[in-house]
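Take a look at the structure set out below.
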Amino acid sequence: MPEWSLTAADPLALTFSADGRLCEVDAGNDHVWEMEWGTGEPAALSFYTTYGLRARSMRVFHRFREGTRMVTAPAELASPPTVRAFYPNFLHLSFAPFEGIEVQAEYWVPESHALAGRLTILNRSQAVRRLRVETCGLLIPLQGMPLRVQKLNLINVLAGRTGNLTPLIFMTGDVEPGEGPFPSLRVDFSLLPGGLRQIVWVTTALEDEKQSLDRARRLAARPWEAEKARLELLNASQMLEIQTGERTWDIVLAMAQKEAARLILGNTPPRFVASRQPDSGYASLENGSDSPLSWQGLTPLEALYLASLLPWTARPLLNLFLERQEPNGHIPLRPFAPAMARIGALPLLASLARQGNLSLTAQDFEALLSFFWYWFSPAQDADRDGLPQWSHEAQIGLEDHPLFDLWNPWSQGIELSAVLAPGLLAMLVKEAEALEALFDEATFRKEQRVLVAAQVAKLRAALEQAWDRRQSAYRYLDREAHVAFGGRLLLRHRGEGEVRLGKRFRSPLRLVIEVLCEPLRCHPRITLWEDGREVEQFTTSSMRWRSGGLTATSRRLYTSLEAIRIEGIAPEHQVLVRVPDLGMEDITTLLPLWSGAPDPDQAQAILHQVLQNPQRFGRPYGIPTLARAPAKEAEALAQRVEMPWNWLIGEGLLRYGWREEAARLVERLMNATVRTLQTRRTFYRYYHAESGEGMGERSHLLGLFPLALFLRTLGVEIYSPSLIRLEGYNPFPWPVRLRYRGLEIFREARQTEIIFPQGQRVTITTVAPCLVTLRRERPEVRAVGS
């Protein structure tokens with residue numbers, strides 16, 4: 001693994017937690033720690049947690065004293081802190097509290113309920129030095145008591161109480177109570193020139209003091225060097241080392257992998273979460289159902305994104321979905337979320353398998369094919385025309401969607417089942433393509449391929465209908481009319497009554513009825529008339545509550561609207577009848593580019609008129625969620641940059657041969673990430689398209705930098721240490737060196753040198769796609785497809 005020398009000015013992600021690859025994480029009681037670099041009170045190099053919101057805060061930090069001089073804050077150190085190594089559960093800092101005194105500070109989260117540290121203090125001066133080291137703890141409990149010095153089994157410790165936990169700090173050596181303003185333990189000692197002293201400390205938080213102390217003493221006795229070696233070997237075998245010509249890029253690419261690995265909670269059985277931070281990790285119910293959704297399994301989009309960062313997770317991630325498949329092909333959106341059991345998973349599972357370059361069985365094929373066809377069942381295809389719709393807003397992958405959301409006044413609240421989404425159609429096209437690539441003809445039989453191909457042809461035809469030539473964009477379509485309606489208001493009426501409209505429409509339209517009223521005083525019955533007859537009626541039971549009242553989407557299309565009868569509302573309540581506006585552009589309407597649906601001319605139009613247009617999706621820090629905000633209040637939503645969708649659209653750019661454009665997208669996303677990590681020291685769920693600032697949830701999987709897009713833009717895919725795929729050229733302004741499990745790749749602009757783990761070398765100069773492998777211990781290069 002690389003040797004780092006990182007400072008406070010570098011882009012750092014400083015959250016640490018128990019490593020699920022090395023221990024079984026306690027998913028209902030997991031303590032996650034964040035390092036504070038000079039922030040907080042007092043300013044210090046401190047580790048911070050809230051024990052999953054069971055304390056206002058818990059901070060652990062050190063204070064150094066020589067004579068009358070005391071040092072706590074990083075700014076007071078004789079030599080500033082430098083990061084030397086980092087892993088998901090480990091941090092190594094070096095600094096000098098005083099001239100001639102060097103400290104190596106190591107922090108390790110060995111399990112869910114503990115944080116351990118080791119200070120190695122070396123006297124590099126020529127004089128004897130008398131020093132004091134204090135381990136300080138500041139606990140602000142929700143219910144309980146702060147830390148204070150106590151004697152347990154004749155040992156001085158710091159202990160307190162918050163909620164159902166007893167936090168305790170244990171320190172090795174001749175430990176005495178500290179004398180400063182903060183609860184602390186101290187060790188006084190002298191160091192001869194060249195002398196060295198090691199101090200180990202542990203903080204644990206179990207149910208009572210005895211348990212906490214016993215655990216702390218056992219962890220303090222663990223062989224530190226052996227544990228470090230274990231960490232180094234594991235991470236060297238699973239992480240990709242990347243050296244570019246830009247230091248900040250190298251750091252971000254390494255930090256993204258470190259943060260991704262923190263989302264693994266265990267191996268038996270495999271468990272993954274989408275976010276892990278100091279405020280998370282606690283569930284009061286035994287089954288964990290009161291955990292946030294980010295702790296109740298990953299969605300297929302989240303799983304696909306995690307596999308793009310850590311390809312070796314693809315197999316266990318895929319298994320989690322397939323193990324929960326029902327006989328009809330249904331797979332839940334989140335494997336461990338009981339409340340979402342009936343919501344179907346996104347059609348991205350074959351893409352997940354392909355991302356991990358998995359070797360699949362015939363049983364896997366049957367499961368994936370069954371899942372593909374599930375999307376054309378009545379559960380997802382309401383009118384059985386072979387063109388499915390979303391059935392729940394959680395499937396879309398965009399929060400507060402302006403078309404479908406019910407709780408913002410600027411959203412339309414349209415029924416999902418009434419609309420064909422180009423993003424969903426594109427996913428299904430891509431899913432079929434992945435099935436074709438993953439399975440040979442012996443498994444994926446000819447008659448099955450014919451049926452899938454016919455279905456894909458129908459999907460492509462629908463996408464062609466969704467293409468708006470004038471705007472160079474794919475539009476949402478009405479499910480039956482296959483038209484992108486332009487929104488307009490047909491009626492605004494106050495109070496009860498019968499209104500004669502006498503409207504006739506050039507083409508069939510779907511209607512949205514909205515009642516603006518107070519919940520307890522509103523029991524509407526709305527009746528629509530067409531051609532002299534009553535055709536549809538809406539009551540409270542058939543309408544949905546939304547911000548400001550009730551809404552419903554008509555179940556049929558209308559060629560005319562003769563009259564509307566309004567009953568059951570107060571005189572001040574209003575009824576609106578309108579045609580939905582399906583012309584809005586969100587980032588998922590660009591997904592056909594990823595699936596290869598546009599022809600070359602259409603793709604060129606999308607690139608130049610949409611993606612590069614600053615009035616639509618062309619922004620300084622990535623592709624935003626919406627081309628335009630539907631209202632001023634939705635501006636923050638519109639400006640969100642979501643890394644997974646940007647990754648997939650970047651893959652679309654590469655599909656059409658636009659490597660330089662993909663590289664520019666990578667650079668814009670990297671600039672946003674670097675900016676946020678330098679100022680906020682964590683990844684965020686979103687980034688602002690205009691400012692690059694982090695937004696939303698901290699330490700979230702979907703905010704990690706898209707490593708796979710960087711590698712694909714570089715033209716390198718590593719399947720194993722002995723199998724590499726190269727394509728195109730290096731579009732970045734500097735050569736890139738990659739190291740993985742003994743393999744080394746040096747990618748220059750038009751030439752690539754590969755050194756295999758056994759020392760064999762080969763130089764590649766072609767830009768055509770090729771596979772490089774070892775055959776009989778000799779490098780072999782063959783064109784893709786040969």
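Residues in the structure tokens are numbered from 1 in each chain, the chains being A, B, ... in the order shown, and ligands are numbered from 1 in the order shown.
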Report the residues of range 585-623 of chain A whose backbone DSSP state falls under helix (DSSP H, G or I), written as a PyMOL selection string.
-> chain A and resi 587-590+592-595+600-611
For Pro388 in chain A: contacts at 10 Å, only C-alpha atoms, fewer than 2 positions along chain excluded, given as a list of chain:residue names =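 In the requested format, the answer is A:Tyr374, A:Trp375, A:Phe376, A:Ser377, A:Pro378, A:Ala379, A:Gln380, A:Asp381, A:Ala382, A:Asp383, A:Arg384, A:Asp385, A:Gly386, A:Trp390, A:Ser391, A:Ser417, A:Val419, A:Leu420, A:Ala421, A:Leu424, A:Leu425, A:Leu428, A:Leu459, A:Arg479.
Residue nearest Phe746 in chain A within the list A:Arg129, A:Leu369, A:Gln243, A:Ser212: A:Gln243 [criterion: smallest interatomic distance, only C-alpha atoms].
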Name the residues of range 196-421 of chain A that fall into strand (DSSP E or B) according to DSSP on the backbone, using the chain letters and numbers of this document, as JSON, numbers by chain.
-> {"A": [196, 197, 198, 199, 200, 201, 202, 203, 204, 205, 206, 241, 242, 243, 264, 265, 266, 267, 270, 271, 272, 275, 282, 332, 344, 419, 420]}
Would you mind listing what lies within 6 Å of Tyr684 in chain A as a PDB file with all heavy atoms, in the first residue's frame, with only C-alpha atoms counted and same-chain residues fewer than 2 positions away left out?
```
ATOM      1  N   TYR A 686     -24.983  14.371  -2.157  1.00  0.00           N
ATOM      2  CA  TYR A 686     -25.074  15.153  -3.393  1.00  0.00           C
ATOM      3  C   TYR A 686     -24.012  16.245  -3.371  1.00  0.00           C
ATOM      4  O   TYR A 686     -23.435  16.552  -2.323  1.00  0.00           O
ATOM      5  CB  TYR A 686     -26.446  15.847  -3.531  1.00  0.00           C
ATOM      6  CG  TYR A 686     -27.642  15.006  -3.226  1.00  0.00           C
ATOM      7  CD1 TYR A 686     -28.354  15.183  -2.036  1.00  0.00           C
ATOM      8  CD2 TYR A 686     -28.097  14.046  -4.125  1.00  0.00           C
ATOM      9  CE1 TYR A 686     -29.471  14.421  -1.749  1.00  0.00           C
ATOM     10  CE2 TYR A 686     -29.223  13.285  -3.839  1.00  0.00           C
ATOM     11  CZ  TYR A 686     -29.899  13.471  -2.647  1.00  0.00           C
ATOM     12  OH  TYR A 686     -30.997  12.713  -2.365  1.00  0.00           O
ATOM     13  N   GLY A 694     -20.895  20.136  -0.858  1.00  0.00           N
ATOM     14  CA  GLY A 694     -21.598  18.920  -0.494  1.00  0.00           C
ATOM     15  C   GLY A 694     -22.986  19.221   0.040  1.00  0.00           C
ATOM     16  O   GLY A 694     -23.190  20.235   0.722  1.00  0.00           O
ATOM     17  N   MET A 695     -23.937  18.340  -0.237  1.00  0.00           N
ATOM     18  CA  MET A 695     -25.327  18.516   0.186  1.00  0.00           C
ATOM     19  C   MET A 695     -25.868  17.176   0.671  1.00  0.00           C
ATOM     20  O   MET A 695     -25.431  16.122   0.223  1.00  0.00           O
ATOM     21  CB  MET A 695     -26.201  19.004  -0.987  1.00  0.00           C
ATOM     22  CG  MET A 695     -25.716  20.267  -1.665  1.00  0.00           C
ATOM     23  SD  MET A 695     -26.557  20.519  -3.270  1.00  0.00           S
ATOM     24  CE  MET A 695     -28.259  20.714  -2.753  1.00  0.00           C
ATOM     25  N   GLU A 697     -27.001  13.907   3.026  1.00  0.00           N
ATOM     26  CA  GLU A 697     -26.456  13.027   4.059  1.00  0.00           C
ATOM     27  C   GLU A 697     -24.954  12.878   3.929  1.00  0.00           C
ATOM     28  O   GLU A 697     -24.406  12.743   2.842  1.00  0.00           O
ATOM     29  CB  GLU A 697     -27.137  11.659   3.968  1.00  0.00           C
ATOM     30  CG  GLU A 697     -26.833  10.730   5.126  1.00  0.00           C
ATOM     31  CD  GLU A 697     -27.637   9.446   5.087  1.00  0.00           C
ATOM     32  OE1 GLU A 697     -28.557   9.346   4.242  1.00  0.00           O
ATOM     33  OE2 GLU A 697     -27.368   8.558   5.902  1.00  0.00           O
ATOM     34  N   ARG A 698     -24.290  12.885   5.072  1.00  0.00           N
ATOM     35  CA  ARG A 698     -22.832  12.714   5.104  1.00  0.00           C
ATOM     36  C   ARG A 698     -22.465  11.240   4.943  1.00  0.00           C
ATOM     37  O   ARG A 698     -23.223  10.352   5.303  1.00  0.00           O
ATOM     38  CB  ARG A 698     -22.264  13.231   6.429  1.00  0.00           C
ATOM     39  CG  ARG A 698     -22.431  14.723   6.648  1.00  0.00           C
ATOM     40  CD  ARG A 698     -22.241  15.106   8.110  1.00  0.00           C
ATOM     41  NE  ARG A 698     -20.910  14.795   8.604  1.00  0.00           N
ATOM     42  CZ  ARG A 698     -19.870  15.619   8.544  1.00  0.00           C
ATOM     43  NH1 ARG A 698     -20.017  16.815   7.993  1.00  0.00           N
ATOM     44  NH2 ARG A 698     -18.694  15.273   9.024  1.00  0.00           N
ATOM     45  N   SER A 699     -21.277  10.997   4.413  1.00  0.00           N
ATOM     46  CA  SER A 699     -20.701   9.646   4.325  1.00  0.00           C
ATOM     47  C   SER A 699     -21.631   8.661   3.630  1.00  0.00           C
ATOM     48  O   SER A 699     -21.735   7.510   4.038  1.00  0.00           O
ATOM     49  CB  SER A 699     -20.354   9.118   5.726  1.00  0.00           C
ATOM     50  OG  SER A 699     -19.444   9.967   6.373  1.00  0.00           O
ATOM     51  N   HIS A 700     -22.301   9.094   2.578  1.00  0.00           N
ATOM     52  CA  HIS A 700     -23.250   8.230   1.889  1.00  0.00           C
ATOM     53  C   HIS A 700     -22.591   7.577   0.677  1.00  0.00           C
ATOM     54  O   HIS A 700     -21.831   8.212  -0.061  1.00  0.00           O
ATOM     55  CB  HIS A 700     -24.479   9.019   1.446  1.00  0.00           C
ATOM     56  CG  HIS A 700     -25.653   8.160   1.118  1.00  0.00           C
ATOM     57  ND1 HIS A 700     -25.757   7.448  -0.062  1.00  0.00           N
ATOM     58  CD2 HIS A 700     -26.794   7.881   1.815  1.00  0.00           C
ATOM     59  CE1 HIS A 700     -26.890   6.774  -0.075  1.00  0.00           C
ATOM     60  NE2 HIS A 700     -27.542   7.018   1.051  1.00  0.00           N
ATOM     61  N   GLY A 703     -22.561   9.242  -2.742  1.00  0.00           N
ATOM     62  CA  GLY A 703     -21.776  10.456  -2.919  1.00  0.00           C
ATOM     63  C   GLY A 703     -20.295  10.197  -3.100  1.00  0.00           C
ATOM     64  O   GLY A 703     -19.511  11.145  -3.251  1.00  0.00           O
TER      65      GLY A 703
END
```
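Look at range 352-365 of chain A: the protein and nucleic acid residues within 6 Å of it, using only C-alpha atoms and passing over chain neighbours fewer than 6 places away, are Leu304, Pro311 and Ala314 of chain A.
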Write out as a PyMOL selection string the residues lying within 10 Å of Ala437 in chain A, counting only C-alpha atoms and excluding same-chain residues fewer than 4 positions away.
-> chain A and resi 350-351+354+431-433
Given only C-alpha atoms as the counted atoms, nearest of A:Ile242, A:Leu309, A:Ala434, A:Leu403 to Ala260 in chain A |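 So, comparing all the options, the nearest one is A:Leu309.
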Using only C-alpha atoms, determine which residues lie at most 10 Å from Phe683 in chain A, disregarding the query and same-chain residues fewer than 3 positions distant; provide the list as a list in words.
-> Pro11, Leu12, Ala13, Leu14, Thr15, Val252, Met255, Ala256, Glu259, Thr673, Val674, Thr676, Leu677, Arg680, Tyr686, Tyr687, Gly694, Met695, Gly696, Glu697, Arg698, Ser699, His700, Leu701, Leu702, Gly703, Leu704 and Phe705 of chain A
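From CA of Leu93 in chain A back to CA of Pro706 in chain A, the distance works out to 27.2 Å.
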A:Pro757, A:Pro183, A:Gly502, A:Pro88: which is nearest Leu528 in chain A, counting only C-alpha atoms?
-> A:Gly502
Which one is closest to Arg469 in chain A: A:Asp601, A:Glu106, A:Glu661, A:Glu441? Count only C-alpha atoms.
-> A:Asp601
Do you have the CA of Ala629 in chain A-CA of Arg668 in chain A distance handy?
->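 Computing it gives 21.2 Å between the two atoms.
Using only C-alpha atoms, the smallest distance between any of A:Glu241, A:Glu518, A:Glu536, A:Glu464 and Pro592 in chain A comes from A:Glu464.
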Distance query Cys770 in chain A at most 12 Å, only C-alpha atoms, self and fewer than 3 positions along chain excluded, as a ChimeraX atom specification = /A:715-717,723-728,752,764-767,773,780-786
So that I have them on file, write out the residues from the current selection with C-alpha atoms, as a short mmCIF file (atom, residue, chain, number, x, y, z; two decimals), in the first residue's frame.
```cif
data_model
loop_
_atom_site.label_atom_id
_atom_site.label_comp_id
_atom_site.auth_asym_id
_atom_site.auth_seq_id
_atom_site.Cartn_x
_atom_site.Cartn_y
_atom_site.Cartn_z
CA GLY A 715 -9.58 2.83 -21.01
CA VAL A 716 -8.63 0.19 -18.41
CA GLU A 717 -10.71 -2.58 -16.87
CA LEU A 723 -6.72 -10.43 -17.22
CA ILE A 724 -6.99 -6.79 -18.32
CA ARG A 725 -9.11 -5.06 -20.93
CA LEU A 726 -7.72 -1.99 -22.71
CA GLU A 727 -9.54 0.34 -25.06
CA GLY A 728 -8.82 3.70 -26.63
CA THR A 752 0.50 1.05 -22.03
CA ILE A 764 0.43 -2.22 -25.90
CA THR A 765 0.21 0.51 -28.54
CA THR A 766 -3.15 -0.22 -30.19
CA VAL A 767 -6.23 1.86 -29.35
CA THR A 773 -3.78 -12.06 -20.38
CA GLU A 780 -1.08 -12.67 -24.91
CA VAL A 781 -2.96 -9.80 -26.55
CA ARG A 782 -6.09 -10.45 -28.54
CA ALA A 783 -8.72 -8.21 -30.01
CA VAL A 784 -12.04 -8.19 -28.21
CA GLY A 785 -14.47 -10.49 -29.97
CA SER A 786 -11.80 -12.70 -31.51
#
```
